[in-house]
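Everything below belongs to coords-v3.pdb, which stores PDB, N, CA and C atoms.
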```
ATOM      1  N   MET H 331     205.722 142.686  90.532
ATOM      2  CA  MET H 331     204.352 143.152  90.498
ATOM      3  C   MET H 331     204.247 144.485  91.222
ATOM      4  N   SER H 332     203.399 145.347  90.713
ATOM      5  CA  SER H 332     203.201 146.665  91.300
ATOM      6  C   SER H 332     202.011 146.640  92.254
ATOM      7  N   TYR H 333     202.161 147.290  93.397
ATOM      8  CA  TYR H 333     201.082 147.404  94.366
ATOM      9  C   TYR H 333     200.743 148.880  94.494
ATOM     10  N   GLU H 334     199.456 149.193  94.497
ATOM     11  CA  GLU H 334     199.017 150.587  94.445
ATOM     12  C   GLU H 334     198.226 150.976  95.698
ATOM     13  N   GLN H 335     198.322 152.253  96.033
ATOM     14  CA  GLN H 335     197.547 152.806  97.144
ATOM     15  C   GLN H 335     196.064 152.535  96.899
ATOM     16  N   GLY H 336     195.380 152.068  97.928
ATOM     17  CA  GLY H 336     193.952 151.788  97.835
ATOM     18  C   GLY H 336     193.620 150.337  97.556
ATOM     19  N   GLU H 337     194.620 149.560  97.137
ATOM     20  CA  GLU H 337     194.368 148.143  96.920
ATOM     21  C   GLU H 337     194.240 147.432  98.266
ATOM     22  N   VAL H 338     193.426 146.396  98.297
ATOM     23  CA  VAL H 338     193.236 145.585  99.498
ATOM     24  C   VAL H 338     193.766 144.189  99.195
ATOM     25  N   TRP H 339     194.741 143.755 100.006
ATOM     26  CA  TRP H 339     195.388 142.459  99.829
ATOM     27  C   TRP H 339     195.315 141.664 101.119
ATOM     28  N   TRP H 340     195.249 140.348 100.992
ATOM     29  CA  TRP H 340     195.328 139.464 102.152
ATOM     30  C   TRP H 340     196.788 139.200 102.473
ATOM     31  N   GLY H 341     197.114 139.342 103.754
ATOM     32  CA  GLY H 341     198.480 139.115 104.195
ATOM     33  C   GLY H 341     198.498 138.674 105.648
ATOM     34  N   PRO H 342     199.677 138.384 106.174
ATOM     35  CA  PRO H 342     199.801 137.885 107.541
ATOM     36  C   PRO H 342     199.283 138.885 108.569
ATOM     37  N   ALA H 343     198.670 138.346 109.600
ATOM     38  CA  ALA H 343     198.143 139.155 110.696
ATOM     39  C   ALA H 343     199.014 138.959 111.922
ATOM     40  N   PRO H 344     199.923 139.886 112.191
ATOM     41  CA  PRO H 344     200.724 139.757 113.405
ATOM     42  C   PRO H 344     199.828 139.873 114.644
ATOM     43  N   HIS H 345     200.322 139.443 115.747
ATOM     44  CA  HIS H 345     199.626 139.536 117.034
ATOM     45  C   HIS H 345     198.451 138.568 117.143
ATOM     46  N   LYS H 346     198.392 137.581 116.283
ATOM     47  CA  LYS H 346     197.366 136.538 116.378
ATOM     48  C   LYS H 346     198.063 135.241 116.767
ATOM     49  N   SER H 347     197.361 134.398 117.478
ATOM     50  CA  SER H 347     197.966 133.111 117.837
ATOM     51  C   SER H 347     197.879 132.189 116.620
ATOM     52  N   GLY H 348     198.991 131.646 116.250
ATOM     53  CA  GLY H 348     199.036 130.764 115.087
ATOM     54  C   GLY H 348     198.993 131.561 113.788
ATOM     55  N   PRO H 349     199.201 130.893 112.686
ATOM     56  CA  PRO H 349     199.166 131.585 111.394
ATOM     57  C   PRO H 349     197.757 132.117 111.108
ATOM     58  N   SER H 350     197.689 133.367 110.773
ATOM     59  CA  SER H 350     196.409 133.999 110.497
ATOM     60  C   SER H 350     196.598 135.066 109.426
ATOM     61  N   TYR H 351     195.563 135.279 108.620
ATOM     62  CA  TYR H 351     195.605 136.284 107.566
ATOM     63  C   TYR H 351     194.446 137.244 107.731
ATOM     64  N   ARG H 352     194.640 138.445 107.199
ATOM     65  CA  ARG H 352     193.600 139.463 107.219
ATOM     66  C   ARG H 352     193.772 140.339 105.985
ATOM     67  N   PRO H 353     192.745 141.088 105.611
ATOM     68  CA  PRO H 353     192.910 142.045 104.518
ATOM     69  C   PRO H 353     193.614 143.309 105.012
ATOM     70  N   TRP H 354     194.450 143.867 104.144
ATOM     71  CA  TRP H 354     195.197 145.094 104.426
ATOM     72  C   TRP H 354     194.955 146.092 103.304
ATOM     73  N   VAL H 355     194.722 147.356 103.678
ATOM     74  CA  VAL H 355     194.584 148.442 102.706
ATOM     75  C   VAL H 355     195.941 149.101 102.543
ATOM     76  N   ILE H 356     196.448 149.134 101.339
ATOM     77  CA  ILE H 356     197.725 149.810 101.091
ATOM     78  C   ILE H 356     197.495 151.312 101.141
ATOM     79  N   VAL H 357     198.262 152.008 101.999
ATOM     80  CA  VAL H 357     198.112 153.458 102.134
ATOM     81  C   VAL H 357     199.354 154.226 101.693
ATOM     82  N   SER H 358     200.471 153.541 101.525
ATOM     83  CA  SER H 358     201.661 154.235 101.031
ATOM     84  C   SER H 358     201.576 154.341  99.508
ATOM     85  N   ASP H 359     202.412 155.226  98.976
ATOM     86  CA  ASP H 359     202.457 155.383  97.525
ATOM     87  C   ASP H 359     203.889 155.154  97.044
ATOM     88  N   GLY H 360     204.176 155.526  95.828
ATOM     89  CA  GLY H 360     205.492 155.298  95.248
ATOM     90  C   GLY H 360     206.620 156.060  95.918
ATOM     91  N   SER H 361     206.295 157.025  96.804
ATOM     92  CA  SER H 361     207.355 157.778  97.484
ATOM     93  C   SER H 361     207.941 157.004  98.670
ATOM     94  N   HIS H 362     207.331 155.884  99.048
ATOM     95  CA  HIS H 362     207.878 155.037 100.118
ATOM     96  C   HIS H 362     209.296 154.628  99.713
ATOM     97  N   PRO H 363     210.269 154.738 100.624
ATOM     98  CA  PRO H 363     211.665 154.470 100.256
ATOM     99  C   PRO H 363     211.912 153.077  99.672
ATOM    100  N   PHE H 364     211.083 152.113 100.009
ATOM    101  CA  PHE H 364     211.256 150.749  99.504
ATOM    102  C   PHE H 364     209.999 150.283  98.784
ATOM    103  N   ALA H 365     209.353 151.188  98.051
ATOM    104  CA  ALA H 365     208.075 150.891  97.394
ATOM    105  C   ALA H 365     208.155 149.686  96.462
ATOM    106  N   HIS H 366     209.335 149.373  95.989
ATOM    107  CA  HIS H 366     209.485 148.236  95.076
ATOM    108  C   HIS H 366     209.411 146.890  95.803
ATOM    109  N   THR H 367     209.533 146.892  97.143
ATOM    110  CA  THR H 367     209.503 145.616  97.877
ATOM    111  C   THR H 367     208.521 145.577  99.045
ATOM    112  N   GLU H 368     208.051 146.733  99.514
ATOM    113  CA  GLU H 368     207.156 146.750 100.666
ATOM    114  C   GLU H 368     206.241 147.959 100.630
ATOM    115  N   CYS H 369     205.254 147.957 101.517
ATOM    116  CA  CYS H 369     204.316 149.076 101.594
ATOM    117  C   CYS H 369     203.831 149.242 103.037
ATOM    118  N   ILE H 370     203.198 150.374 103.286
ATOM    119  CA  ILE H 370     202.550 150.628 104.564
ATOM    120  C   ILE H 370     201.074 150.332 104.367
ATOM    121  N   ALA H 371     200.489 149.590 105.308
ATOM    122  CA  ALA H 371     199.099 149.189 105.170
ATOM    123  C   ALA H 371     198.347 149.310 106.488
ATOM    124  N   LEU H 372     197.030 149.491 106.374
ATOM    125  CA  LEU H 372     196.129 149.527 107.525
ATOM    126  C   LEU H 372     195.281 148.272 107.515
ATOM    127  N   ALA H 373     195.030 147.737 108.694
ATOM    128  CA  ALA H 373     194.244 146.510 108.823
ATOM    129  C   ALA H 373     192.773 146.751 108.511
ATOM    130  N   MET H 374     192.159 145.721 107.953
ATOM    131  CA  MET H 374     190.705 145.691 107.791
ATOM    132  C   MET H 374     190.162 144.561 108.658
ATOM    133  N   THR H 375     188.927 144.737 109.115
ATOM    134  CA  THR H 375     188.300 143.755 109.982
ATOM    135  C   THR H 375     186.804 143.694 109.697
ATOM    136  N   THR H 376     186.146 142.703 110.246
ATOM    137  CA  THR H 376     184.690 142.607 110.148
ATOM    138  C   THR H 376     184.032 143.083 111.434
ATOM    139  N   GLN H 377     184.840 143.538 112.390
ATOM    140  CA  GLN H 377     184.314 144.009 113.671
ATOM    141  C   GLN H 377     184.322 145.528 113.715
ATOM    142  N   GLN H 378     183.227 146.095 114.202
ATOM    143  CA  GLN H 378     183.102 147.542 114.277
ATOM    144  C   GLN H 378     183.622 148.049 115.611
ATOM    145  N   HIS H 379     184.928 148.316 115.664
ATOM    146  CA  HIS H 379     185.536 148.868 116.871
ATOM    147  C   HIS H 379     185.335 150.385 116.887
ATOM    148  N   THR H 380     185.396 150.977 118.074
ATOM    149  CA  THR H 380     185.336 152.429 118.184
ATOM    150  C   THR H 380     186.456 153.037 117.344
ATOM    151  N   GLY H 381     186.120 154.006 116.522
ATOM    152  CA  GLY H 381     187.112 154.666 115.675
ATOM    153  C   GLY H 381     187.351 153.990 114.342
ATOM    154  N   ALA H 382     186.725 152.838 114.130
ATOM    155  CA  ALA H 382     186.888 152.143 112.852
ATOM    156  C   ALA H 382     186.124 152.882 111.755
ATOM    157  N   ILE H 383     186.586 152.757 110.534
ATOM    158  CA  ILE H 383     185.959 153.413 109.392
ATOM    159  C   ILE H 383     185.196 152.363 108.591
ATOM    160  N   SER H 384     183.905 152.567 108.472
ATOM    161  CA  SER H 384     183.057 151.647 107.726
ATOM    162  C   SER H 384     183.391 151.713 106.232
ATOM    163  N   VAL H 385     183.391 150.555 105.596
ATOM    164  CA  VAL H 385     183.643 150.466 104.154
ATOM    165  C   VAL H 385     182.315 150.097 103.481
ATOM    166  N   PRO H 386     181.610 151.092 102.937
ATOM    167  CA  PRO H 386     180.339 150.789 102.288
ATOM    168  C   PRO H 386     180.569 150.035 100.969
ATOM    169  N   ASP H 387     179.556 149.300 100.545
ATOM    170  CA  ASP H 387     179.674 148.511  99.317
ATOM    171  C   ASP H 387     180.101 149.357  98.122
ATOM    172  N   ASP H 388     179.597 150.590  98.037
ATOM    173  CA  ASP H 388     179.913 151.421  96.869
ATOM    174  C   ASP H 388     181.312 152.039  96.924
ATOM    175  N   ALA H 389     182.054 151.800  98.007
ATOM    176  CA  ALA H 389     183.438 152.293  98.101
ATOM    177  C   ALA H 389     184.419 151.351  97.415
ATOM    178  N   TRP H 390     183.949 150.177  97.028
ATOM    179  CA  TRP H 390     184.811 149.220  96.323
ATOM    180  C   TRP H 390     184.792 149.546  94.829
ATOM    181  N   LEU H 391     185.928 149.950  94.292
ATOM    182  CA  LEU H 391     186.043 150.185  92.851
ATOM    183  C   LEU H 391     186.166 148.861  92.105
ATOM    184  N   GLU H 392     186.793 147.900  92.764
ATOM    185  CA  GLU H 392     186.929 146.532  92.266
ATOM    186  C   GLU H 392     186.777 145.609  93.458
ATOM    187  N   GLY H 393     186.298 144.406  93.229
ATOM    188  CA  GLY H 393     186.176 143.430  94.313
ATOM    189  C   GLY H 393     185.097 143.827  95.288
ATOM    190  N   GLY H 394     185.272 143.434  96.543
ATOM    191  CA  GLY H 394     184.304 143.758  97.564
ATOM    192  C   GLY H 394     184.408 142.816  98.736
ATOM    193  N   SER H 395     183.395 142.881  99.597
ATOM    194  CA  SER H 395     183.362 142.050 100.795
ATOM    195  C   SER H 395     181.950 141.498 100.971
ATOM    196  N   ASP H 396     181.863 140.224 101.309
ATOM    197  CA  ASP H 396     180.563 139.590 101.541
ATOM    198  C   ASP H 396     179.991 139.953 102.907
ATOM    199  N   THR H 397     180.823 140.496 103.784
ATOM    200  CA  THR H 397     180.381 140.891 105.121
ATOM    201  C   THR H 397     180.743 142.356 105.345
ATOM    202  N   ASP H 398     180.228 142.940 106.418
ATOM    203  CA  ASP H 398     180.582 144.320 106.759
ATOM    204  C   ASP H 398     182.092 144.408 106.937
ATOM    205  N   ALA H 399     182.678 145.463 106.412
ATOM    206  CA  ALA H 399     184.123 145.645 106.496
ATOM    207  C   ALA H 399     184.429 147.009 107.100
ATOM    208  N   TYR H 400     185.522 147.058 107.864
ATOM    209  CA  TYR H 400     185.943 148.280 108.539
ATOM    210  C   TYR H 400     187.463 148.407 108.436
ATOM    211  N   ILE H 401     187.933 149.638 108.314
ATOM    212  CA  ILE H 401     189.362 149.921 108.343
ATOM    213  C   ILE H 401     189.716 150.359 109.760
ATOM    214  N   SER H 402     190.780 149.787 110.310
ATOM    215  CA  SER H 402     191.274 150.160 111.637
ATOM    216  C   SER H 402     192.487 151.076 111.444
ATOM    217  N   PRO H 403     192.285 152.402 111.481
ATOM    218  CA  PRO H 403     193.382 153.317 111.164
ATOM    219  C   PRO H 403     194.525 153.329 112.174
ATOM    220  N   TRP H 404     194.335 152.754 113.347
ATOM    221  CA  TRP H 404     195.395 152.681 114.358
ATOM    222  C   TRP H 404     196.247 151.425 114.204
ATOM    223  N   TYR H 405     195.787 150.493 113.384
ATOM    224  CA  TYR H 405     196.471 149.207 113.223
ATOM    225  C   TYR H 405     197.224 149.253 111.900
ATOM    226  N   THR H 406     198.472 149.655 111.971
ATOM    227  CA  THR H 406     199.288 149.848 110.771
ATOM    228  C   THR H 406     200.525 148.969 110.824
ATOM    229  N   THR H 407     201.021 148.626 109.657
ATOM    230  CA  THR H 407     202.224 147.810 109.580
ATOM    231  C   THR H 407     202.905 148.039 108.242
ATOM    232  N   THR H 408     204.129 147.588 108.155
ATOM    233  CA  THR H 408     204.839 147.532 106.887
ATOM    234  C   THR H 408     204.848 146.070 106.459
ATOM    235  N   ILE H 409     204.448 145.825 105.228
ATOM    236  CA  ILE H 409     204.362 144.453 104.718
ATOM    237  C   ILE H 409     205.193 144.334 103.445
ATOM    238  N   LYS H 410     205.948 143.267 103.366
ATOM    239  CA  LYS H 410     206.685 142.946 102.139
ATOM    240  C   LYS H 410     205.688 142.448 101.092
ATOM    241  N   HIS H 411     205.867 142.877  99.864
ATOM    242  CA  HIS H 411     204.970 142.447  98.791
ATOM    243  C   HIS H 411     204.914 140.930  98.673
ATOM    244  N   ARG H 412     206.028 140.269  98.904
ATOM    245  CA  ARG H 412     206.068 138.809  98.776
ATOM    246  C   ARG H 412     205.175 138.105  99.789
ATOM    247  N   ASP H 413     204.770 138.819 100.858
ATOM    248  CA  ASP H 413     203.934 138.214 101.894
ATOM    249  C   ASP H 413     202.435 138.307 101.603
ATOM    250  N   PHE H 414     202.065 139.078 100.582
ATOM    251  CA  PHE H 414     200.651 139.139 100.213
ATOM    252  C   PHE H 414     200.239 137.843  99.539
ATOM    253  N   ASP H 415     198.998 137.448  99.802
ATOM    254  CA  ASP H 415     198.480 136.198  99.266
ATOM    255  C   ASP H 415     197.630 136.436  98.015
ATOM    256  N   ARG H 416     196.570 137.231  98.166
ATOM    257  CA  ARG H 416     195.678 137.489  97.034
ATOM    258  C   ARG H 416     195.015 138.844  97.218
ATOM    259  N   GLN H 417     194.629 139.447  96.106
ATOM    260  CA  GLN H 417     193.983 140.749  96.167
ATOM    261  C   GLN H 417     192.479 140.572  96.353
ATOM    262  N   GLN H 418     191.915 141.367  97.276
ATOM    263  CA  GLN H 418     190.476 141.350  97.512
ATOM    264  C   GLN H 418     189.770 142.407  96.677
ATOM    265  N   GLY H 419     190.468 143.520  96.397
ATOM    266  CA  GLY H 419     189.839 144.576  95.623
ATOM    267  C   GLY H 419     190.592 145.879  95.729
ATOM    268  N   THR H 420     189.906 146.950  95.352
ATOM    269  CA  THR H 420     190.464 148.298  95.396
ATOM    270  C   THR H 420     189.401 149.244  95.940
ATOM    271  N   LEU H 421     189.807 150.120  96.868
ATOM    272  CA  LEU H 421     188.895 151.089  97.474
ATOM    273  C   LEU H 421     189.032 152.450  96.818
ATOM    274  N   GLU H 422     187.946 153.216  96.868
ATOM    275  CA  GLU H 422     187.974 154.553  96.271
ATOM    276  C   GLU H 422     188.927 155.466  97.043
ATOM    277  N   PRO H 423     189.591 156.380  96.349
ATOM    278  CA  PRO H 423     190.604 157.242  96.972
ATOM    279  C   PRO H 423     190.095 158.080  98.143
ATOM    280  N   THR H 424     188.838 158.537  98.108
ATOM    281  CA  THR H 424     188.351 159.370  99.216
ATOM    282  C   THR H 424     188.292 158.587 100.527
ATOM    283  N   LEU H 425     187.952 157.306 100.462
ATOM    284  CA  LEU H 425     187.923 156.484 101.673
ATOM    285  C   LEU H 425     189.340 156.228 102.188
ATOM    286  N   VAL H 426     190.268 155.995 101.280
ATOM    287  CA  VAL H 426     191.670 155.795 101.671
ATOM    288  C   VAL H 426     192.211 157.077 102.297
ATOM    289  N   ALA H 427     191.874 158.222 101.721
ATOM    290  CA  ALA H 427     192.315 159.510 102.274
ATOM    291  C   ALA H 427     191.757 159.721 103.683
ATOM    292  N   GLU H 428     190.507 159.331 103.902
ATOM    293  CA  GLU H 428     189.914 159.438 105.241
ATOM    294  C   GLU H 428     190.677 158.566 106.241
ATOM    295  N   ALA H 429     191.006 157.350 105.832
ATOM    296  CA  ALA H 429     191.743 156.434 106.715
ATOM    297  C   ALA H 429     193.128 156.984 107.049
ATOM    298  N   VAL H 430     193.804 157.553 106.061
ATOM    299  CA  VAL H 430     195.133 158.134 106.293
ATOM    300  C   VAL H 430     195.018 159.340 107.232
ATOM    301  N   SER H 431     193.997 160.155 107.038
ATOM    302  CA  SER H 431     193.793 161.308 107.931
ATOM    303  C   SER H 431     193.572 160.854 109.370
ATOM    304  N   GLU H 432     192.802 159.788 109.542
ATOM    305  CA  GLU H 432     192.573 159.261 110.889
ATOM    306  C   GLU H 432     193.864 158.707 111.479
ATOM    307  N   LEU H 433     194.662 158.027 110.676
ATOM    308  CA  LEU H 433     195.972 157.549 111.148
ATOM    309  C   LEU H 433     196.795 158.727 111.655
ATOM    310  N   HIS H 434     196.783 159.824 110.929
ATOM    311  CA  HIS H 434     197.562 161.002 111.335
ATOM    312  C   HIS H 434     197.046 161.610 112.632
ATOM    313  N   ARG H 435     195.766 161.429 112.939
ATOM    314  CA  ARG H 435     195.239 161.898 114.227
ATOM    315  C   ARG H 435     195.930 161.196 115.381
ATOM    316  N   TYR H 436     196.350 159.949 115.157
ATOM    317  CA  TYR H 436     197.031 159.176 116.199
ATOM    318  C   TYR H 436     198.534 159.406 116.190
ATOM    319  N   THR H 437     199.035 160.115 115.199
ATOM    320  CA  THR H 437     200.472 160.300 115.059
ATOM    321  C   THR H 437     200.843 161.764 114.906
ATOM    322  N   THR H 438     200.240 162.620 115.695
ATOM    323  CA  THR H 438     200.543 164.047 115.608
ATOM    324  C   THR H 438     201.970 164.307 116.106
ATOM    325  N   ALA H 439     202.578 165.319 115.546
ATOM    326  CA  ALA H 439     203.924 165.701 115.948
ATOM    327  C   ALA H 439     203.873 166.384 117.312
ATOM    328  N   PRO H 440     204.884 166.146 118.148
ATOM    329  CA  PRO H 440     204.897 166.805 119.467
ATOM    330  C   PRO H 440     205.103 168.304 119.311
ATOM    331  N   ASP H 441     204.545 169.055 120.251
ATOM    332  CA  ASP H 441     204.749 170.511 120.246
ATOM    333  C   ASP H 441     206.189 170.810 120.626
ATOM    334  N   ASN H 442     206.744 171.795 119.984
ATOM    335  CA  ASN H 442     208.123 172.202 120.308
ATOM    336  C   ASN H 442     208.134 173.311 121.304
TER     337      ASN H 442
END
```

Target encoding structure tokens, full file:
Amino acid sequence: MSYEQGEVWWGPAPHKSGPSYRPWVIVSDGSHPFAHTECIALAMTTQQHTGAISVPDDAWLEGGSDTDAYISPWYTTTIKHRDFDRQQGTLEPTLVAEAVSELHRYTTAPDN
């Protein structure tokens, strides 16, 4: 199965006590060295933390959320495709681009 940038999938939530799942926004594309088996994703939550990116209802191209949703651009992981459970939807590219830009704010290259 193919996984695309901007899709939101439910997968394991590390750093939680006991088995737990959360939605993840796929932010990597086909240039990822192992795109056929894994992807880079940002966590989504229902809590509005400082620096979180709000996901408005009209940002969902497919699917959606029954509650307020936020992307946490500092909470990133690599997930194997086999670990995804079900797809929640797909977000518009401009929102995904904003989340990636915010991630890069936390990962600036050191000055030489």

- Using atom CA of H:Gly394 and atom CA of H:Val357 as the two end points, give the distance in Å to one decimal.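 Atom CA of H:Gly394 sits 17.5 Å away from atom CA of H:Val357.
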
- Message: Between atom C of H:Gln418 and atom CA of H:Trp339, what is the distance in Å, rounded to a tenth?
- Response: 6.4 Å

- Query: Using the chain letters and numbers from the file, which residues does the PyMOL selection byres ((chain H and resi 368) around 6.5) grab, as a list in words?
  - Reply: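 Selected by the PyMOL selection byres ((chain H and resi 368) around 6.5) in this file: Phe364, Ala365, His366, Thr367, Cys369, Ile370, Thr408, Ile409, Lys410 and His411 of chain H.
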
- Among the residues of chain H, find those DSSP assigns to strand (DSSP E) from the backbone and print them as a PyMOL selection string. chain H and resi 337-342+351-356+368-375+383-385+390-393+399-410+417-421

- Task: Point out the residue among H:Asp359, H:Arg412, H:Ala399, H:Trp404 with the least atom-to-atom distance to H:Ser384, counting all atoms listed in the file.
- Result: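 The closest residue to H:Ser384 is H:Ala399.
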
- So which residues get picked by the PyMOL selection byres (((chain H and resi 378 and name CA) around 9) and name CA) here, written as a list of chain:residue names?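 That selection, the PyMOL selection byres (((chain H and resi 378 and name CA) around 9) and name CA), comes back as H:Thr375, H:Thr376, H:Gln377, H:His379, H:Thr380, H:Gly381, H:Ala382, H:Ile383, H:Ser384, H:Asp398, H:Ala399, H:Tyr400, H:Ile401, H:Ser402.
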
- Task: Using the chain letters and numbers from the file, give me the residues hit by the PyMOL selection byres (((chain H and resi 432 and name CA) around 12) and name CA), as a ChimeraX atom specification.
- Result: /H:357,372,381-383,401-406,425-431,433-438

- Just give me the gap between atom CA of H:Gln335 and atom CA of H:Val355 in Å, one decimal is fine.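 We find that atom CA of H:Gln335 and atom CA of H:Val355 lie 7.7 Å from each other.
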
- Message: I need the residue nearest H:Asp388 from this list: H:Gly360, H:Leu421, H:Ala439, H:Val338. Use only N, CA and C atoms for the distance.
- Response: H:Leu421

- Using only C-alpha atoms, find the one residue out of H:Tyr333, H:His345, H:Asp387, H:Phe414 that sits nearest to H:Ser358.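 Closest to H:Ser358 of all the choices is H:Tyr333.
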
- One residue among H:Glu334, H:Gly341, H:Pro349, H:Thr420 is nearest to H:Leu391 when using only N, CA and C atoms, and that residue is H:Thr420
